[in-house]
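Please read the structure below before turning to the comments.
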Amino acid sequence: MTRLLGYANRFGWVVFPIAFLAVVISEDRYWQFVAGQVIIYALSALGLDWLMGRAGVVSLGNGALMAAGAFSAAYISREEWASFPLTLLIVTLMGCVLGLLMSIPAARLRGIYFALVTLAMHFIVVFIGHQYQTTSTRYLGGVPVARPELFGYRLEAGRPWLLFLGVLLGLVWLLLRNMYATNPGRMWLAIHENELAARTIGVASPRWKLTAFVGSSGLITLSGGLMGYYTGRVSADTFTLTFAISFVVMVIVGGLRSIPGALFGVTVVTVAPLLFGQFARDLAPGSAGAVGWLSDNVFFINSGLFGVFVLVVLLYLPRGVVPSLRERARSGLVRRSRAVSDPAAGEELGGIAAGMHADPLLRIDGLHLAYRNGARAVNGLELTVGKGELLAIVGRNGAGKSSLLRAMTGFYRSEGVTVRGRIAIDGRDILGRSPSRTSALGITLVPERDKVFAGLTVGEQLRHVGNLDAAREAMPREWEFLQSRWNSYAGLLSGGERQILALTLAASLRPRLLLIDELSLGLSPVAIDRVASAIRELHARSGVSIVLVEQNVDVAKRLADRVLLMESGTLHPVEEQSEAGRQPSGAVEVLAGAADPEGDRDARP
């Protein structure tokens, strides 16, 4: 099982070298030339992934940096002292200087505003290149670049060039992979996720962002210099805005923060239009009718198909093709491995899913939930909750408990979170439905924070939220207390009183499934005792199914019919306590420090 996962993680290390060797061995000079272009573009895409995927800086400057590298190589290569390796070294150092200059506005601008700065830089650099090409030289059709020689051997088009580029890409791949797996990679990841939080733990954000700018710009400019040498002529018309945007598409389609993903994106964006064009030409050269129309409009059809492909990837594989497929392959291997290698584990999982009741209300099968940063809050979770059951889920801070409840209620639709699997109420699939639609099906969430409207009185909230008679019937004792606070603003209530109000509001909606997030969070022992008693009363009178998320194991055991432990996004059984073993509400004890004021916070690392 571990070996299979290792093979899946090294997918790119196997596929790309095999494809490269197949092109090298072939005698097709055209596809050898295309493969060389793919490698040069891949170096540029890896530089952009370094900046966007690792440091979290959106840039449209790839075209400008590549143009600067190409024109610089064309200018320097005509000097007698400028050898091929020395020219590439100078071009790379020049790119590092440009990256240093780019980092200056990055210190003051963020997001789309910095992207606009790089867009302006693109037009400036292309304008300078165009002026050099048309005014300062005779080369209206493009500036020629000297033929490269490496250690006395001329790099001829075809196999020699391809071997050189392949070795260079392999070295860059190894360098970046090792760098991302060590301290620099962790620093950039921390900055990408939350720059303010990274600074609070001692990460020198300006220095590491400067390093990303300098290193990525040097790599992108190097690819531009190689492009000039490879094509033998540099023209400003090559470096259009579409050219620059295509690199952003490459890294997003392939997958940010994935070296194989960047290579996959470059290959698809570069090769797919050529394959389709060749297919259209071979299908019916010079034909009339529909086939002739296809051949004549192949460019526009290419653009349309490419747009559809990008749209499908963004909708269904938001993390990119390679990371998404790798995650699904890993999940499938884990499930099959558990079923084959450990039958007892499968029986245990089935026991957890089956629950104590033969008549299930809620059923969750194979639920996966992952954030944009790759953190997995829920990993292949299986669960069944019976009608009228009171289930408690316990676990440490960050185990994924709150993420599970929010997935049930549909609060992730607009947050860029990847959710897969099945969540069903009475056999009706609700995964992906909005909170309003899940609420209409009888699912009510009492959240960890912001349970009530602080600026409204108790009476205003009870009158406008649900059914007063339902709340009075389900919680008569608490109803009397709330009547005494009818004109008080909810923001002036204590933490325990706000929890009571939130539970009463939930009861007024006549829920079929009540989800309660962090019952004891920030409450005193007396307040926990009172809230626990209110939950028992609500459960006994209404028969509602309740899923309670809690860090205090003792409170969970005294309240629930069944207690499960959540760890790393999966559920495990906890020793159950019989009905006779439960203490009355006045004897609820609180473990010291169990109520973490920070809560689950969606299992973010």
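In the structure tokens, each chain is lettered A, B, ... as it comes, each chain's residues begin at 1, and ligands are numbered from 1 in order of appearance.
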
Tell me, as a compact mmCIF listing (two decimals) with N, CA, C and O atoms, in the first residue's frame, which residues lie within 8 Å of Val574 (chain A), counting only C-alpha atoms; anything in the same chain fewer than 2 positions away does not count.
```
# COMPACT_ATOMS: atom_id res chain seq x y z
N VAL A 563 -20.28 8.09 21.37
CA VAL A 563 -19.18 9.05 21.27
C VAL A 563 -18.16 8.51 20.28
O VAL A 563 -17.73 7.35 20.37
N LEU A 564 -17.78 9.35 19.32
CA LEU A 564 -16.75 9.00 18.34
C LEU A 564 -15.60 9.99 18.44
O LEU A 564 -15.81 11.17 18.73
N LEU A 565 -14.41 9.49 18.21
CA LEU A 565 -13.21 10.33 18.22
C LEU A 565 -12.83 10.68 16.79
O LEU A 565 -12.73 9.80 15.93
N HIS A 572 -13.15 7.35 14.83
CA HIS A 572 -12.77 6.12 15.53
C HIS A 572 -13.69 5.95 16.73
O HIS A 572 -14.15 6.94 17.32
N GLU A 576 -17.98 3.40 25.00
CA GLU A 576 -19.29 3.97 25.30
C GLU A 576 -19.66 3.78 26.76
O GLU A 576 -19.16 2.90 27.44
```

Inset, instruction - Can you pull out every residue within 9 Å of region 501-512 of chain A, counting only C-alpha atoms, but drop anything in the same chain fewer than 6 positions away, and send it as a count of residues only? - result: 39

Legend entry - Contact residues around Gly261 (chain A) with only C-alpha atoms at 9 Å, ignoring same-chain residues under 2 positions, as a list in words: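 Everything that qualifies: Gly12, Met250, Val251, Ile252, Val253, Gly254, Gly255, Leu256, Arg257, Ser258, Ile259, Leu263, Phe264, Gly265, Val266, Gly320, Val321, Val322 and Pro323 of chain A.
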
Inset, instruction - Name all residues at most 10 Å from Val203 (chain A) (count only C-alpha atoms; drop same-chain ones fewer than 6 positions away) and give them as a PyMOL selection string. - result: chain A and resi 186-188+190-191+195-197

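Take CA of Gln37 (chain A) and CA of Tyr230 (chain A): the distance between them is 8.2 Å.
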
Inset, instruction - Return as a ChimeraX atom specification the full set of residues in region 388-508 of chain A whose backbone-based DSSP assignment is helix (DSSP H, G or I). - result: /A:401-409,435-440,458-465,468-474,476-484,490-492,495-508
